[in-house]
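*Asks:* This one is structure.txt, compact mmCIF, C-alpha atoms and all ligand atoms.
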# COMPACT_ATOMS: atom_id res chain seq x y z
CA MET F 449 66.52 138.98 19.97
CA LYS F 450 69.51 140.79 21.36
CA LYS F 451 67.55 141.54 24.52
CA LEU F 452 66.63 137.87 24.87
CA PHE F 453 70.32 136.88 24.73
CA ILE F 454 71.16 139.46 27.34
CA VAL F 455 68.34 138.22 29.58
CA LEU F 456 69.42 134.59 29.11
CA GLY F 457 72.99 135.65 29.75
CA ILE F 458 72.07 137.35 32.99
CA LEU F 459 69.98 134.36 34.01
CA ALA F 460 72.86 131.99 33.17
CA ILE F 461 75.29 134.01 35.27
CA GLY F 462 72.71 134.17 38.05
CA PHE F 463 72.09 130.42 38.01
CA SER F 464 75.78 129.70 37.86
CA LEU F 465 76.34 131.91 40.91
CA ILE F 466 73.50 130.16 42.76
CA GLY F 467 74.91 126.85 41.59
CA CYS F 468 78.31 127.79 42.93
CA LYS F 469 76.83 128.58 46.29
CA LYS F 470 74.91 125.33 46.46
CA GLU F 471 77.88 123.20 45.42
CA GLU F 472 80.36 124.86 47.78
CA PRO F 473 81.92 121.84 49.60
CA ILE F 474 82.09 121.66 53.39
CA ILE F 475 85.88 121.53 53.82
CA PRO F 476 86.78 119.14 56.64
CA VAL F 477 89.49 120.18 59.10
CA GLU F 478 92.56 118.77 57.48
CA ASP F 479 94.77 116.69 59.84
CA THR F 480 98.31 117.67 59.07
CA THR F 481 99.64 117.10 62.58
CA ALA F 482 101.59 113.93 63.20
CA PRO F 483 100.89 111.93 66.36
CA LEU F 484 103.17 112.13 69.40
CA LEU F 485 105.12 109.19 70.78
CA PHE F 486 105.89 109.09 74.48
CA GLY F 487 108.30 106.96 76.46
CA VAL F 488 110.75 106.19 73.67
CA THR F 489 113.84 106.61 75.79
CA ASP F 490 116.97 104.47 76.06
CA PHE F 491 116.58 101.66 78.53
CA VAL F 492 118.66 99.08 80.36
CA VAL F 493 117.16 95.70 81.13
CA ASP F 494 118.55 92.61 82.82
CA LEU F 495 119.33 89.49 80.83
CA GLY F 496 116.36 87.13 80.83
CA ASP F 497 113.97 89.59 82.46
CA THR F 498 110.74 88.23 80.98
CA SER F 499 108.67 90.87 82.78
CA PHE F 500 109.99 93.40 80.26
CA ASN F 501 108.27 94.01 76.93
CA LEU F 502 109.10 96.51 74.20
CA MET F 503 105.81 98.41 74.60
CA GLN F 504 106.32 98.95 78.33
CA GLY F 505 105.80 102.67 79.04
CA ILE F 506 105.22 103.58 75.37
CA THR F 507 102.13 105.55 74.30
CA ALA F 508 100.95 107.41 71.20
CA ILE F 509 98.46 110.29 71.13
CA ASP F 510 97.14 112.12 68.09
CA ASP F 511 95.50 115.56 67.94
CA ILE F 512 92.50 114.15 66.03
CA ASP F 513 92.52 110.39 66.62
CA GLY F 514 93.22 110.49 70.33
CA THR F 515 95.11 107.66 72.01
CA ILE F 516 96.36 105.30 69.32
CA THR F 517 98.93 103.35 71.30
CA THR F 518 97.65 100.04 69.95
CA SER F 519 98.53 101.16 66.41
CA ILE F 520 102.24 101.54 67.17
CA VAL F 521 104.41 99.38 64.96
CA VAL F 522 107.59 98.15 66.67
CA THR F 523 110.53 97.08 64.52
CA GLY F 524 114.07 95.94 65.23
CA ASP F 525 115.68 92.74 66.45
CA PHE F 526 115.51 92.12 70.17
CA ASP F 527 116.33 89.15 72.35
CA ILE F 528 116.04 89.46 76.11
CA ASN F 529 118.19 86.33 76.41
CA VAL F 530 121.20 87.71 74.53
CA ILE F 531 123.43 90.45 75.96
CA GLY F 532 123.78 93.40 73.61
CA THR F 533 122.60 96.83 72.52
CA TYR F 534 119.47 96.81 70.39
CA THR F 535 117.98 99.63 68.33
CA ILE F 536 114.21 99.48 68.41
CA THR F 537 112.06 101.74 66.23
CA TYR F 538 108.52 102.81 67.00
CA THR F 539 106.30 104.04 64.16
CA ILE F 540 102.86 105.54 64.60
CA THR F 541 100.58 106.71 61.76
CA ASP F 542 97.35 108.63 62.29
CA ALA F 543 94.21 108.14 60.17
CA ALA F 544 95.28 110.97 57.86
CA GLY F 545 98.60 109.29 57.17
CA ASN F 546 100.86 111.52 59.27
CA VAL F 547 103.77 109.50 60.57
CA THR F 548 105.99 109.83 63.62
CA GLN F 549 108.95 107.54 64.06
CA LEU F 550 111.35 107.37 67.00
CA SER F 551 114.11 104.94 67.88
CA ARG F 552 115.78 104.02 71.11
CA GLN F 553 118.55 101.79 72.31
CA ILE F 554 117.81 99.01 74.71
CA VAL F 555 120.76 97.45 76.47
CA VAL F 556 120.39 93.90 77.67
CA ARG F 557 123.01 93.45 80.35
CA GLU F 558 124.20 90.79 82.72
CA LYS F 559 122.09 90.94 85.82
CA PRO F 560 124.02 92.84 88.54
CA SER F 561 125.26 90.51 91.16
CA THR F 562 123.01 90.17 94.16
CA ASP F 563 125.33 87.71 95.81
CA LEU F 564 125.54 88.17 99.51
CA TYR F 565 129.09 89.38 99.90
CA VAL F 566 128.49 89.15 103.61
CA VAL F 567 128.45 85.56 104.80
CA ASN F 568 125.82 84.50 107.33
CA GLY F 569 124.31 87.99 107.41
CA ASP F 570 120.99 86.55 108.54
CA PHE F 571 122.59 84.64 111.45
CA SER F 572 121.10 81.35 110.34
CA GLU F 573 124.49 79.71 111.02
CA PRO F 574 126.79 79.87 114.04
CA LEU F 575 129.12 82.88 114.19
CA ASP F 576 132.30 80.82 113.96
CA GLY F 577 133.83 80.99 110.51
CA SER F 578 131.99 84.10 109.38
CA TRP F 579 131.90 86.73 112.13
CA THR F 580 134.47 87.77 114.71
CA HIS F 581 134.24 89.77 117.89
CA TRP F 582 136.74 91.86 119.77
CA ALA F 583 136.64 94.10 122.87
CA GLY F 584 139.47 96.11 124.37
CA GLU F 585 140.64 99.61 125.32
CA GLY F 586 138.09 99.51 128.16
CA GLY F 587 135.32 98.06 126.03
CA GLU F 588 133.41 95.00 127.22
CA SER F 589 130.84 93.15 125.17
CA THR F 590 129.60 89.73 124.07
CA VAL F 591 127.80 88.50 120.97
CA THR F 592 125.34 85.60 120.70
CA ILE F 593 122.67 84.50 118.25
CA VAL F 594 119.18 84.27 119.73
CA ASP F 595 116.36 83.13 117.45
CA GLY F 596 118.29 84.05 114.31
CA VAL F 597 119.10 87.56 115.54
CA LEU F 598 122.48 88.79 116.72
CA GLN F 599 122.45 90.08 120.30
CA TYR F 600 125.40 92.37 120.95
CA ASP F 601 125.51 93.14 124.67
CA ILE F 602 127.53 96.22 125.49
CA ALA F 603 128.76 96.09 129.13
CA ALA F 604 131.32 98.93 128.92
CA VAL F 605 131.81 101.47 126.13
CA GLY F 606 135.59 101.84 126.53
CA SER F 607 137.70 104.79 125.46
CA GLN F 608 137.52 104.40 121.67
CA TRP F 609 134.71 104.11 119.15
CA TRP F 610 136.25 100.77 118.21
CA SER F 611 136.52 99.47 121.81
CA ASN F 612 133.73 97.00 121.01
CA GLN F 613 133.77 95.41 117.58
CA PHE F 614 131.59 92.92 115.80
CA ASN F 615 133.32 92.22 112.49
CA GLN F 616 133.25 90.33 109.28
CA PRO F 617 136.69 90.07 107.68
CA ASN F 618 137.78 89.23 104.12
CA LEU F 619 135.27 91.33 102.22
CA LYS F 620 136.03 91.61 98.52
CA ILE F 621 135.75 95.25 97.43
CA THR F 622 136.48 96.31 93.87
CA GLN F 623 137.55 99.73 92.64
CA GLY F 624 135.00 101.36 90.35
CA LYS F 625 132.09 99.44 91.77
CA ASN F 626 129.19 100.83 93.73
CA TYR F 627 127.98 99.03 96.83
CA LYS F 628 125.29 99.20 99.40
CA ILE F 629 125.43 97.90 102.95
CA ILE F 630 121.99 97.11 104.30
CA PHE F 631 121.07 95.87 107.78
CA ASP F 632 118.28 95.80 110.31
CA ALA F 633 119.15 97.08 113.77
CA LYS F 634 117.77 98.33 117.05
CA ALA F 635 118.87 98.71 120.67
CA ASP F 636 117.02 98.23 123.94
CA THR F 637 118.00 101.80 124.81
CA PRO F 638 118.76 104.20 121.92
CA ARG F 639 122.46 104.08 121.25
CA GLY F 640 125.04 105.02 118.67
CA MET F 641 126.93 102.55 116.52
CA VAL F 642 129.69 103.04 113.99
CA VAL F 643 129.44 101.12 110.73
CA LYS F 644 132.74 101.00 108.93
CA ILE F 645 134.31 99.11 106.07
CA GLU F 646 138.08 99.47 106.14
CA ASN F 647 141.26 98.08 104.68
CA ALA F 648 144.19 96.59 106.62
CA ALA F 649 145.52 100.10 107.30
CA TYR F 650 142.14 101.11 108.85
CA VAL F 651 141.43 103.46 105.94
CA PRO F 652 137.64 103.66 105.53
CA TYR F 653 135.79 102.73 102.36
CA LEU F 654 132.64 103.59 104.28
CA GLU F 655 132.21 105.10 107.74
CA GLU F 656 128.87 106.11 109.20
CA ASN F 657 127.54 106.97 112.65
CA VAL F 658 124.16 105.37 113.23
CA MET F 659 121.78 106.31 116.04
CA LEU F 660 119.87 103.13 116.82
CA THR F 661 116.37 103.37 118.24
CA SER F 662 114.34 100.85 120.18
CA GLU F 663 112.43 100.02 116.97
CA TRP F 664 113.79 97.88 114.15
CA VAL F 665 115.00 100.08 111.31
CA THR F 666 116.52 98.99 107.99
CA TYR F 667 119.63 101.08 107.40
CA GLU F 668 121.16 101.47 103.95
CA TYR F 669 124.47 103.11 103.05
CA GLU F 670 125.73 103.37 99.52
CA PHE F 671 129.33 103.95 98.54
CA PHE F 672 131.34 104.11 95.35
CA VAL F 673 134.87 102.72 95.53
CA THR F 674 137.61 105.03 94.32
CA MET F 675 140.31 103.39 96.43
CA ASP F 676 142.22 100.23 95.50
CA SER F 677 140.49 96.89 95.15
CA ILE F 678 140.96 94.65 98.18
CA THR F 679 139.95 91.16 99.24
CA ASN F 680 140.58 91.70 102.95
CA GLY F 681 138.09 94.43 103.71
CA LYS F 682 136.64 94.43 107.19
CA LEU F 683 133.04 95.26 107.98
CA ILE F 684 132.76 96.60 111.53
CA PHE F 685 129.75 97.25 113.72
CA ALA F 686 131.37 99.15 116.57
CA GLY F 687 129.76 99.70 119.95
CA GLY F 688 132.45 101.68 121.71
CA THR F 689 132.26 105.31 122.82
CA MET F 690 130.36 107.66 120.52
CA THR F 691 131.77 110.76 122.22
CA GLY F 692 132.65 113.28 119.53
CA ARG F 693 130.45 111.46 117.03
CA LEU F 694 126.90 111.45 118.40
CA GLU F 695 125.33 113.11 121.44
CA ASP F 696 123.85 110.95 124.23
CA ALA F 697 124.74 107.79 122.35
CA ASN F 698 126.78 105.78 124.87
CA ALA F 699 124.07 103.72 126.56
CA ILE F 700 125.05 100.44 128.18
CA THR F 701 122.53 98.27 126.42
CA THR F 702 121.96 95.46 123.95
CA ILE F 703 122.19 96.05 120.19
CA TYR F 704 120.30 93.72 117.84
CA LEU F 705 121.39 93.09 114.27
CA ASP F 706 119.90 91.00 111.47
CA ASN F 707 119.71 90.66 107.69
CA ILE F 708 123.09 92.20 106.99
CA ARG F 709 123.73 92.43 103.26
CA PHE F 710 126.53 93.90 101.24
CA ASP F 711 125.59 94.11 97.58
CA GLU F 712 126.86 95.66 94.39
CA VAL F 713 124.20 98.06 93.16
CA GLU F 714 123.55 100.62 90.43
CA VAL F 715 124.45 104.16 91.46
CA SER F 716 121.24 105.79 92.68
CA GLU F 717 120.43 109.33 91.55
CA ASP F 718 120.43 110.58 95.15
CA TYR F 719 123.89 109.18 95.70
CA ARG F 720 125.18 110.58 92.41
CA ARG F 721 123.96 114.04 93.41
CA TYR F 722 125.51 113.66 96.84
CA ARG F 723 128.85 112.56 95.46
CA CYS F 724 128.84 115.27 92.81
CA TYR F 725 129.50 117.80 95.54
CA HIS F 726 132.94 116.23 95.64
CA PHE F 727 133.42 114.86 92.14
CA CYS F 728 131.36 113.47 89.33
CA TRP F 729 131.85 110.38 87.27
CA CA R 801 96.97 113.97 63.51
CA CA R 802 117.96 86.30 111.05
Mind turning this structure into C-alpha cells?

*Replies:*
Amino acid sequence: MKKLFIVLGILAIGFSLIGCKKEEPIIPVEDTTAPLLFGVTDFVVDLGDTSFNLMQGITAIDDIDGTITTSIVVTGDFDINVIGTYTITYTITDAAGNVTQLSRQIVVREKPSTDLYVVNGDFSEPLDGSWTHWAGEGGESTVTIVDGVLQYDIAAVGSQWWSNQFNQPNLKITQGKNYKIIFDAKADTPRGMVVKIENAAYVPYLEENVMLTSEWVTYEYEFFVTMDSITNGKLIFAGGTMTGRLEDANAITTIYLDNIRFDEVEVSEDYRRYRCYHFCW
C-alpha cells in the first residue's frame, strides 16, 4: 500500500510537471513604450489664415502600432480669427494604453503689412507725383516709362556715384522694423547701380552696389532699422560712376527697372545670421 502511494505520488508529480509544460502561456511582447509625437513646436500664424489647421505638420508613430497620426486627440481653444496666444495639447495613446502628451503655443498675429510703401513701383502711373529724377556733377540721364517699365538712359556717368539719380522721396521707415526692398532690373550693357535708402542727412539705412546684367533679375535686400524713425526717407537708384565700388561697371547704357517694392517683412534666418556678426537682437 505504501508503495502504491509512492508510485501515485511520483505519477502525480510527473503529470503536474507535464501539465505545467503544456499550460505554459506564450507571453506576448509587452508594449510599454509610449508613441512619439512629431511637429509639436510653437508656431506663428496670420490672423484669418484659413489654410492653417492644427494638425498641419503633426505626426505620431508608435514602436508597435506604427503610424497612428489619425488617433491624435487635439485639445485647447483656438480661433484663427482672434489675435492671441493659444495653448494646444496633442495626446496620442497606443493600443496598449501608453500615452504621450505634448503642448505648444500658437500665436495668431495681425498679418504683417504687405502695403507697397513704394508708390507706383510697377510704373502703371506716370512718374509725376511719385518718382523724381536728378542729374548733375557731370551726370546726364533721362527717365521714361515704356510699356510699364522704367527706362533709365545713362548718357554720362559723372564724377560721383550719385551723379544720376532716380528717386522716390518720403518713405516712411520705422525703427525696430525689418524691411525688404525688392525690384526687377537689367541693363542693355552690364552696369553697376547703387541702391540706397537715406535720411535727409544722406545717412544710409541701406546701401548696396548692384551689378546689373542684360537679363532681368529680381534683387532683394533686407535691412533692420536701428536708426531713428523717419517719414522722409529717400530711395535712390543711382547710375553715376561706380569707380571704387564695382569694377568695369560704368557703361553708358540703358537701365530698366520694374516691380519695385518696399515691404516690412519678418527677419529671415540668413539675415539674422548675417547681422549677428555685428550684433544680435
Ligand atoms: Ca507602443
Ligand atoms: Ca510694370

*Asks:* Counting only C-alpha atoms and all ligand atoms, which protein, DNA or RNA residues come within 12 Å of ligand CA 802 (chain R), given as a list in words?

*Replies:*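 Counting only C-alpha atoms and all ligand atoms, the residues within 12 Å of ligand CA 802 (chain R) come out as Asn568, Gly569, Asp570, Phe571, Ser572, Glu573, Pro574, Ile593, Val594, Asp595, Gly596, Val597, Leu598, Gln599, Phe631, Asp632, Ala633, Tyr704, Leu705, Asp706, Asn707, Ile708 and Arg709 of chain F.
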
*Asks:* To one decimal place in Å, what is the distance between atom CA of Gln616 of chain F and atom CA of Phe685 of chain F?

*Replies:*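 Taking atom CA of Gln616 of chain F and atom CA of Phe685 of chain F, their separation equals 8.9 Å.
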
*Asks:* Ligand CA 801 (chain R): which residues are within 12 Å, counting only C-alpha atoms and all ligand atoms? Reply as a PyMOL selection string.

*Replies:* chain F and resi 477-485+508-516+540-548

*Asks:* Please identify all polymer residues within 12 Å of Ile531 of chain F, counting all atoms listed in the file, omitting same-chain residues fewer than 6 positions from it, and present them as a tab-separated table (two decimals) with C-alpha atoms, in the frame of the given file.

*Replies:*
chain	number	residue	atom	x	y	z
F	492	VAL	CA	118.66	99.08	80.36
F	493	VAL	CA	117.16	95.70	81.13
F	494	ASP	CA	118.55	92.61	82.82
F	495	LEU	CA	119.33	89.49	80.83
F	496	GLY	CA	116.36	87.13	80.83
F	497	ASP	CA	113.97	89.59	82.46
F	554	ILE	CA	117.81	99.01	74.71
F	555	VAL	CA	120.76	97.45	76.47
F	556	VAL	CA	120.39	93.90	77.67
F	557	ARG	CA	123.01	93.45	80.35
F	558	GLU	CA	124.20	90.79	82.72
F	559	LYS	CA	122.09	90.94	85.82

*Asks:* Could you check which of F:Val567, F:Leu660, F:Ile506, F:Ile475 is closest to Asp490 of chain F, using all atoms listed in the file?

*Replies:*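 Residue with the minimum atom-to-atom distance to Asp490 of chain F: F:Ile506.
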
*Asks:* Contacts of Met659 of chain F at 8 Å or less, counting all atoms listed in the file, minus same-chain residues fewer than 2 places along, as a list in words?

*Replies:*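 Residues near the query, excluding close chain neighbours: Pro638, Arg639, Gly640, Met641, Asn657, Thr661, Leu694 and Ala697 of chain F.
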
*Asks:* How far is it from atom CA of Asp576 of chain F to atom CA of Trp609 of chain F, in Å with one decimal?

*Replies:* 24.0 Å
